[in-house]
file entry.cif (mmCIF, C-alpha atoms)
data_coords
#
loop_
_atom_site.label_atom_id
_atom_site.label_comp_id
_atom_site.auth_asym_id
_atom_site.auth_seq_id
_atom_site.Cartn_x
_atom_site.Cartn_y
_atom_site.Cartn_z
CA MET A 1 -21.20 -3.85 -28.92
CA THR A 2 -18.17 -5.69 -30.26
CA SER A 3 -14.85 -6.32 -28.58
CA HIS A 4 -13.39 -3.44 -30.64
CA THR A 5 -15.71 -0.91 -29.07
CA THR A 6 -15.92 -2.12 -25.52
CA PRO A 7 -15.12 0.75 -23.14
CA VAL A 8 -12.23 0.09 -20.78
CA GLY A 9 -12.05 2.56 -17.90
CA GLY A 10 -14.22 5.06 -19.78
CA ARG A 11 -12.07 4.85 -22.92
CA VAL A 12 -12.72 2.99 -26.15
CA ALA A 13 -10.60 -0.14 -26.41
CA GLY A 14 -9.18 -1.64 -29.57
CA PRO A 15 -7.74 0.05 -32.69
CA GLY A 16 -9.49 3.34 -31.91
CA ALA A 17 -7.73 3.62 -28.55
CA ARG A 18 -4.37 2.81 -30.12
CA ARG A 19 -4.86 5.51 -32.75
CA VAL A 20 -5.70 8.06 -30.06
CA LEU A 21 -2.64 7.06 -28.03
CA ILE A 22 -0.33 7.31 -31.05
CA ARG A 23 -1.81 10.69 -31.93
CA GLU A 24 -1.20 12.01 -28.41
CA LEU A 25 2.36 10.71 -28.38
CA LEU A 26 3.07 12.38 -31.70
CA LEU A 27 1.47 15.63 -30.55
CA VAL A 28 3.51 15.82 -27.35
CA ALA A 29 6.75 14.70 -28.99
CA GLY A 30 6.24 17.05 -31.93
CA PHE A 31 5.52 20.04 -29.72
CA PHE A 32 8.58 19.31 -27.59
CA ALA A 33 10.75 19.01 -30.72
CA VAL A 34 9.48 22.36 -32.03
CA TYR A 35 10.20 23.94 -28.64
CA LYS A 36 13.73 22.52 -28.49
CA TYR A 37 14.46 23.65 -32.04
CA GLY A 38 12.95 27.08 -31.40
CA ARG A 39 15.20 27.65 -28.40
CA THR A 40 18.28 27.13 -30.55
CA LEU A 41 17.25 30.11 -32.70
CA ALA A 42 18.28 32.40 -29.83
CA THR A 43 21.83 31.07 -29.62
CA GLY A 44 24.67 33.37 -30.57
CA ARG A 45 23.14 36.47 -28.97
CA THR A 46 25.68 36.42 -26.17
CA ASP A 47 26.15 40.17 -25.67
CA GLU A 48 22.40 40.79 -25.53
CA ALA A 49 21.96 37.88 -23.10
CA PHE A 50 24.50 39.36 -20.68
CA ARG A 51 23.02 42.85 -20.93
CA ASN A 52 19.62 41.41 -20.06
CA ALA A 53 21.16 39.46 -17.17
CA ALA A 54 22.54 42.68 -15.70
CA ARG A 55 19.09 44.27 -16.02
CA VAL A 56 17.40 41.36 -14.28
CA TRP A 57 19.98 41.36 -11.50
CA ASP A 58 19.53 45.11 -10.93
CA ALA A 59 15.74 44.74 -10.99
CA GLU A 60 15.86 42.03 -8.32
CA ARG A 61 18.01 44.23 -6.10
CA ALA A 62 15.62 47.15 -6.65
CA LEU A 63 12.74 44.88 -5.60
CA HIS A 64 14.76 43.80 -2.52
CA LEU A 65 14.54 40.14 -3.47
CA PRO A 66 16.92 37.83 -1.58
CA GLY A 67 20.11 37.08 -3.44
CA GLU A 68 20.29 33.73 -5.23
CA GLY A 69 23.55 33.16 -3.36
CA LEU A 70 21.59 32.71 -0.14
CA VAL A 71 20.18 29.41 -1.38
CA GLN A 72 23.45 28.34 -2.98
CA ARG A 73 25.39 28.83 0.26
CA VAL A 74 23.00 26.41 1.98
CA LEU A 75 23.55 23.79 -0.73
CA LEU A 76 27.33 24.19 -0.59
CA HIS A 77 27.40 23.17 3.07
CA SER A 78 27.37 19.55 1.89
CA ASP A 79 28.80 17.96 -1.25
CA ALA A 80 26.04 15.36 -1.11
CA LEU A 81 23.36 18.05 -0.89
CA VAL A 82 24.62 20.06 -3.85
CA HIS A 83 25.08 16.87 -5.89
CA THR A 84 21.50 15.89 -5.07
CA ALA A 85 20.27 19.31 -6.19
CA ASN A 86 22.16 18.99 -9.47
CA THR A 87 20.70 15.52 -10.02
CA TYR A 88 17.19 16.82 -9.29
CA TYR A 89 17.67 19.59 -11.84
CA ALA A 90 19.02 17.24 -14.50
CA ALA A 91 16.93 14.11 -13.99
CA VAL A 92 13.53 14.96 -12.48
CA HIS A 93 12.13 17.77 -14.64
CA PHE A 94 11.24 15.99 -17.89
CA PRO A 95 10.60 12.41 -16.63
CA ALA A 96 8.28 13.67 -13.88
CA THR A 97 6.24 15.65 -16.42
CA VAL A 98 5.99 12.66 -18.77
CA LEU A 99 4.86 10.32 -15.98
CA PHE A 100 2.33 12.92 -14.87
CA LEU A 101 0.84 13.15 -18.38
CA VAL A 102 0.79 9.36 -18.80
CA TRP A 103 -1.03 8.90 -15.49
CA LEU A 104 -3.60 11.55 -16.41
CA TYR A 105 -4.09 10.00 -19.86
CA LEU A 106 -4.79 6.58 -18.35
CA ARG A 107 -6.78 7.61 -15.29
CA ARG A 108 -8.20 11.12 -15.86
CA PRO A 109 -8.68 11.70 -19.61
CA ALA A 110 -10.53 15.02 -19.19
CA HIS A 111 -7.81 16.37 -16.89
CA TYR A 112 -5.17 15.11 -19.32
CA LEU A 113 -6.58 17.20 -22.17
CA TRP A 114 -6.84 20.24 -19.90
CA THR A 115 -3.27 19.81 -18.67
CA ARG A 116 -1.84 19.18 -22.12
CA ARG A 117 -3.46 22.36 -23.44
CA VAL A 118 -2.28 24.44 -20.47
CA LEU A 119 1.30 23.16 -20.85
CA ALA A 120 1.16 23.89 -24.59
CA VAL A 121 0.10 27.50 -23.98
CA LEU A 122 2.68 27.95 -21.23
CA THR A 123 5.52 26.45 -23.27
CA GLY A 124 4.59 28.38 -26.41
CA ALA A 125 4.56 31.66 -24.50
CA ALA A 126 7.91 30.76 -22.91
CA LEU A 127 9.42 30.12 -26.33
CA VAL A 128 8.38 33.58 -27.50
CA ILE A 129 10.10 35.15 -24.48
CA HIS A 130 13.21 33.01 -25.00
CA LEU A 131 13.48 34.34 -28.53
CA ALA A 132 12.68 37.95 -27.66
CA PHE A 133 14.64 38.18 -24.41
CA PRO A 134 17.80 36.03 -24.36
CA LEU A 135 19.09 35.85 -20.81
CA ALA A 136 22.33 34.53 -19.35
CA PRO A 137 21.71 32.55 -16.13
CA PRO A 138 23.15 33.79 -12.83
CA ARG A 139 25.96 31.20 -12.93
CA MET A 140 27.42 33.17 -15.85
CA LEU A 141 26.95 36.63 -14.37
CA GLY A 142 30.02 37.98 -12.63
CA ALA A 143 28.02 40.40 -10.46
CA ALA A 144 26.16 37.45 -8.90
CA HIS A 145 29.38 35.83 -7.56
CA LEU A 146 27.87 32.36 -7.95
CA ILE A 147 29.45 29.11 -9.11
CA ASP A 148 28.21 26.67 -11.71
CA THR A 149 27.41 23.80 -9.36
CA GLY A 150 26.71 21.46 -12.26
CA GLN A 151 30.20 21.88 -13.73
CA VAL A 152 31.95 21.81 -10.34
CA TYR A 153 30.05 19.03 -8.55
CA GLY A 154 28.07 17.34 -11.33
CA PRO A 155 25.97 16.13 -12.90
CA THR A 156 25.16 18.77 -15.50
CA VAL A 157 23.05 18.90 -18.65
CA TYR A 158 24.99 21.82 -20.15
CA GLY A 159 28.29 22.04 -21.96
CA ALA A 160 31.16 23.92 -20.40
CA ALA A 161 31.23 26.40 -23.31
CA PRO A 162 27.74 27.88 -23.87
CA ALA A 163 28.51 29.02 -27.41
CA ALA A 164 29.54 25.49 -28.42
CA ASP A 165 26.64 23.73 -26.67
CA THR A 166 24.58 22.08 -29.42
CA MET A 167 22.25 20.28 -27.00
CA ALA A 168 20.69 23.28 -25.24
CA ASN A 169 20.39 27.03 -25.43
CA GLN A 170 21.99 28.26 -22.23
CA PHE A 171 20.75 31.81 -22.83
CA ALA A 172 17.07 30.88 -22.40
CA ALA A 173 16.80 31.36 -18.64
CA MET A 174 13.54 33.34 -18.57
CA PRO A 175 11.01 32.00 -17.85
CA SER A 176 11.98 28.90 -15.90
CA LEU A 177 10.01 26.02 -17.41
CA HIS A 178 11.55 23.77 -14.77
CA PHE A 179 9.45 25.70 -12.27
CA GLY A 180 6.44 26.31 -14.54
CA TRP A 181 6.01 22.65 -15.43
CA ALA A 182 6.55 21.58 -11.82
CA LEU A 183 3.87 24.00 -10.63
CA MET A 184 1.41 22.74 -13.25
CA LEU A 185 2.15 19.16 -12.22
CA ALA A 186 1.24 19.99 -8.64
CA LEU A 187 -1.91 21.92 -9.59
CA GLY A 188 -2.96 19.17 -12.00
CA MET A 189 -2.60 16.43 -9.40
CA ILE A 190 -4.49 18.49 -6.84
CA ALA A 191 -7.31 19.05 -9.34
CA ALA A 192 -7.47 15.42 -10.50
CA THR A 193 -7.31 13.66 -7.11
CA SER A 194 -9.20 13.82 -3.85
CA SER A 195 -6.72 12.64 -1.22
CA ARG A 196 -6.59 14.75 1.91
CA TRP A 197 -2.81 14.86 1.39
CA ARG A 198 -2.91 16.11 -2.22
CA ALA A 199 -1.66 19.57 -1.20
CA LEU A 200 1.73 17.92 -0.60
CA TRP A 201 2.19 17.91 -4.37
CA LEU A 202 3.14 21.57 -3.94
CA LEU A 203 6.43 20.38 -2.45
CA HIS A 204 7.57 19.50 -5.98
CA PRO A 205 7.52 23.09 -7.31
CA LEU A 206 8.90 24.35 -3.99
CA VAL A 207 11.89 22.00 -4.16
CA THR A 208 12.28 22.78 -7.86
CA LEU A 209 12.38 26.52 -7.12
CA LEU A 210 15.12 26.09 -4.51
CA VAL A 211 17.06 23.80 -6.86
CA VAL A 212 16.96 26.03 -9.94
CA VAL A 213 17.98 29.07 -7.87
CA GLY A 214 20.54 27.30 -5.69
CA THR A 215 22.31 25.73 -8.67
CA ALA A 216 22.47 29.23 -10.25
CA ASN A 217 20.55 28.16 -13.34
CA HIS A 218 17.72 30.66 -12.81
CA TYR A 219 16.89 33.96 -11.15
CA TRP A 220 13.93 34.43 -8.82
CA LEU A 221 12.29 36.51 -11.55
CA ASP A 222 12.49 33.56 -13.96
CA ALA A 223 10.17 31.60 -11.67
CA LEU A 224 7.92 34.62 -11.14
CA VAL A 225 7.44 35.11 -14.89
CA ALA A 226 6.72 31.37 -15.29
CA THR A 227 4.05 31.67 -12.61
CA LEU A 228 2.40 34.62 -14.34
CA LEU A 229 2.41 32.80 -17.69
CA LEU A 230 0.90 29.71 -16.09
CA GLY A 231 -1.79 31.82 -14.46
CA ALA A 232 -2.66 33.31 -17.86
CA ALA A 233 -2.76 29.84 -19.43
CA LEU A 234 -5.09 28.59 -16.70
CA LEU A 235 -7.43 31.50 -17.37
CA LEU A 236 -7.44 30.80 -21.12
CA VAL A 237 -7.97 27.02 -21.00
CA PRO A 238 -11.31 25.90 -19.50
CA ARG A 239 -11.05 23.43 -16.67
CA PRO A 240 -12.84 20.08 -17.00
CA ALA A 241 -16.28 20.10 -15.41
CA GLY A 242 -16.45 18.60 -11.93
CA ARG A 243 -13.76 16.83 -9.98
CA SER A 244 -12.29 13.42 -10.55
CA ILE A 245 -14.24 10.18 -10.39
CA ILE A 246 -12.63 9.37 -7.05
CA ALA A 247 -13.69 12.72 -5.64
CA ARG A 248 -17.29 12.22 -6.75
CA ARG A 249 -17.41 8.75 -5.26
CA SER A 250 -16.04 9.97 -1.96
CA VAL A 251 -18.95 12.36 -1.38
CA PRO A 252 -21.51 10.51 0.77
CA GLY A 253 -25.09 10.68 -0.39
CA PRO A 254 -28.05 11.45 1.88
CA ARG A 255 -28.94 8.68 4.28
CA PRO A 256 -32.50 7.36 3.96
CA GLY A 257 -34.62 8.38 6.90
CA PRO A 258 -37.67 6.64 8.37
CA VAL A 259 -40.68 6.71 6.08
CA ALA A 260 -43.71 8.18 7.79
CA SER A 261 -46.91 6.21 7.51
CA ALA A 262 -49.43 7.94 5.24
CA GLY A 263 -52.33 5.54 5.61
CA PRO A 264 -53.31 2.82 3.20
CA ALA A 265 -51.28 2.62 0.05
CA ALA A 266 -52.84 4.18 -3.02
CA PRO A 267 -54.02 1.79 -5.70
CA MET A 268 -51.50 1.24 -8.46
CA GLY A 269 -52.36 2.15 -12.00
CA PRO A 270 -50.47 1.04 -15.08
CA VAL A 271 -47.90 3.84 -14.66
CA GLY A 272 -47.84 4.43 -10.89
CA PRO A 273 -50.09 5.21 -7.92
CA VAL A 274 -53.48 6.69 -8.66
CA GLU A 275 -54.70 9.71 -6.77
CA SER A 276 -57.81 9.41 -4.68
CA GLY A 277 -60.91 9.92 -6.74
CA SER A 278 -59.18 9.34 -10.08
CA PRO A 279 -60.71 6.63 -12.25
CA VAL A 280 -58.49 3.71 -13.17
CA GLU A 281 -58.55 3.08 -16.88
CA PRO A 282 -57.57 -0.22 -18.41
CA VAL A 283 -54.36 -0.42 -20.41
CA GLY A 284 -54.96 0.62 -23.96
CA ALA A 285 -58.11 2.62 -23.20
CA VAL A 286 -58.79 5.42 -25.66
CA ARG A 287 -60.12 8.75 -24.48
#
call {"tool": "encode", "arguments": {"input": "entry.cif", "output": "structure tokens"}}
result
Amino acid sequence: MTSHTTPVGGRVAGPGARRVLIRELLLVAGFFAVYKYGRTLATGRTDEAFRNAARVWDAERALHLPGEGLVQRVLLHSDALVHTANTYYAAVHFPATVLFLVWLYLRRPAHYLWTRRVLAVLTGAALVIHLAFPLAPPRMLGAAHLIDTGQVYGPTVYGAAPAADTMANQFAAMPSLHFGWALMLALGMIAATSSRWRALWLLHPLVTLLVVVGTANHYWLDALVATLLLGAALLLVPRPAGRSIIARRSVPGPRPGPVASAGPAAPMGPVGPVESGSPVEPVGAVR
């Protein structure tokens, strides 16, 4: 085995590993670019987006879901709190997902492939819905009586005029990939680790849910649809066999017990102990 093929942490080192890494980076970056471009295809459908927003709002009231304003009123009690929520919305979503994928790639390759495929299915399905069902977020809907916390308190990732925003499609509220990706991050870390505290990863999607609703960027139903799509993706993509290496190592094996005496040891033949009464043949004997 040469230095170019020496495994490092279960992965092939050398040029082969670099090629795999470059391929993965191109795959992820390419898929994200296609998604961002695809979202822009739904721009300009303003009237349809507002009609759909009214339908979603009425559906939530028919389902007796709590108003999004309930969360926003809590955030507005403190300028620092609402500013923190805006920052979480703008700065945590994408970097956290990238760091999550990088960690899995380096430490849990099998879980990385599983997660990458699940996120690809989830994001592809979300893109189809964004194109088929343009939706104005609650901050734009007059019936919601909510404010755009990003524009008022900052920071924001959206332009003040949605029609002139060339960086993002503001009429792609359903489903909420902020919440969908956050939930997959939590489930992926729970599946790939064995810490007794790993369930705390669920705080990330919980905080994300409160942030996207409280900042009036998403409806409750946006998160619900993201959850259903993620559930379908998890059913379609097979999970890696077993748990992580750490989890397997943490399972104690059976402790050796006292060996009961069974009399004199059996004579040893060329391949192990010989049963009583069996002739011992010399090595190389031919029957």
call {"tool": "residues_around", "arguments": {"input": "entry.cif", "residues": "Gly188 in chain A", "least_positions_apart": "4", "cutoff": "12 Å", "atoms": "only C-alpha atoms", "output": "ChimeraX atom specification"}}
result
/A:97,100-101,103-104,108,110-119,181-184,192-194,198-199,201-202,230,234,239-240,243-244
call {"tool": "resolve_selection", "arguments": {"input": "entry.cif", "expression": "the PyMOL selection byres ((chain A and resi 231) around 12)", "output": "list in words"}}
result
Val118, Leu119, Val121, Leu122, Ala125, Gly180, Leu183, Met184, Leu187, Leu224, Val225, Ala226, Thr227, Leu228, Leu229, Leu230, Ala232, Ala233, Leu234, Leu235, Leu236 and Val237 of chain A
call {"tool": "atom_distance", "arguments": {"input": "entry.cif", "atom1": "CA of Asp79 in chain A", "atom2": "CA of Met174 in chain A"}}
result
27.7 Å
call {"tool": "atom_distance", "arguments": {"input": "entry.cif", "atom1": "CA of Arg61 in chain A", "atom2": "CA of Pro134 in chain A"}}
result
20.0 Å
call {"tool": "resolve_selection", "arguments": {"input": "entry.cif", "expression": "the PyMOL selection byres ((chain A and resi 214) around 12)", "output": "tab-separated table (two decimals) with C-alpha atoms, keeping the file's coordinate frame"}}
result
chain	number	residue	atom	x	y	z
A	66	PRO	CA	16.92	37.83	-1.58
A	67	GLY	CA	20.11	37.08	-3.44
A	68	GLU	CA	20.29	33.73	-5.23
A	69	GLY	CA	23.55	33.16	-3.36
A	70	LEU	CA	21.59	32.71	-0.14
A	71	VAL	CA	20.18	29.41	-1.38
A	72	GLN	CA	23.45	28.34	-2.98
A	73	ARG	CA	25.39	28.83	0.26
A	74	VAL	CA	23.00	26.41	1.98
A	75	LEU	CA	23.55	23.79	-0.73
A	76	LEU	CA	27.33	24.19	-0.59
A	77	HIS	CA	27.40	23.17	3.07
A	81	LEU	CA	23.36	18.05	-0.89
A	82	VAL	CA	24.62	20.06	-3.85
A	83	HIS	CA	25.08	16.87	-5.89
A	84	THR	CA	21.50	15.89	-5.07
A	85	ALA	CA	20.27	19.31	-6.19
A	86	ASN	CA	22.16	18.99	-9.47
A	88	TYR	CA	17.19	16.82	-9.29
A	89	TYR	CA	17.67	19.59	-11.84
A	137	PRO	CA	21.71	32.55	-16.13
A	138	PRO	CA	23.15	33.79	-12.83
A	139	ARG	CA	25.96	31.20	-12.93
A	146	LEU	CA	27.87	32.36	-7.95
A	147	ILE	CA	29.45	29.11	-9.11
A	148	ASP	CA	28.21	26.67	-11.71
A	149	THR	CA	27.41	23.80	-9.36
A	150	GLY	CA	26.71	21.46	-12.26
A	207	VAL	CA	11.89	22.00	-4.16
A	208	THR	CA	12.28	22.78	-7.86
A	209	LEU	CA	12.38	26.52	-7.12
A	210	LEU	CA	15.12	26.09	-4.51
A	211	VAL	CA	17.06	23.80	-6.86
A	212	VAL	CA	16.96	26.03	-9.94
A	213	VAL	CA	17.98	29.07	-7.87
A	215	THR	CA	22.31	25.73	-8.67
A	216	ALA	CA	22.47	29.23	-10.25
A	217	ASN	CA	20.55	28.16	-13.34
A	218	HIS	CA	17.72	30.66	-12.81
A	219	TYR	CA	16.89	33.96	-11.15
A	220	TRP	CA	13.93	34.43	-8.82
call {"tool": "atom_distance", "arguments": {"input": "entry.cif", "atom1": "CA of His93 in chain A", "atom2": "CA of His178 in chain A"}}
result
6.0 Å
call {"tool": "axis_aligned_box", "arguments": {"input": "entry.cif", "around": "range 201-217 of chain A", "padding_each_side": "3 Å", "output": "JSON"}}
result
{"center_x": 12.3, "center_y": 23.6, "center_z": -7.9, "size_x": 26.3, "size_y": 17.3, "size_z": 16.9}
call {"tool": "resolve_selection", "arguments": {"input": "entry.cif", "expression": "the PyMOL selection byres ((chain A and resi 53-55) around 12)", "output": "NGL selection string"}}
result
:A and (46-52 or 56-62 or 133-144 or 171-174 or 217-219 or 221-222)
call {"tool": "closest_residue", "arguments": {"input": "entry.cif", "among": "A:Val92, A:Val157, A:Leu27, A:Leu99", "to": "Ala120 in chain A", "atoms": "all atoms listed in the file"}}
result
A:Leu27
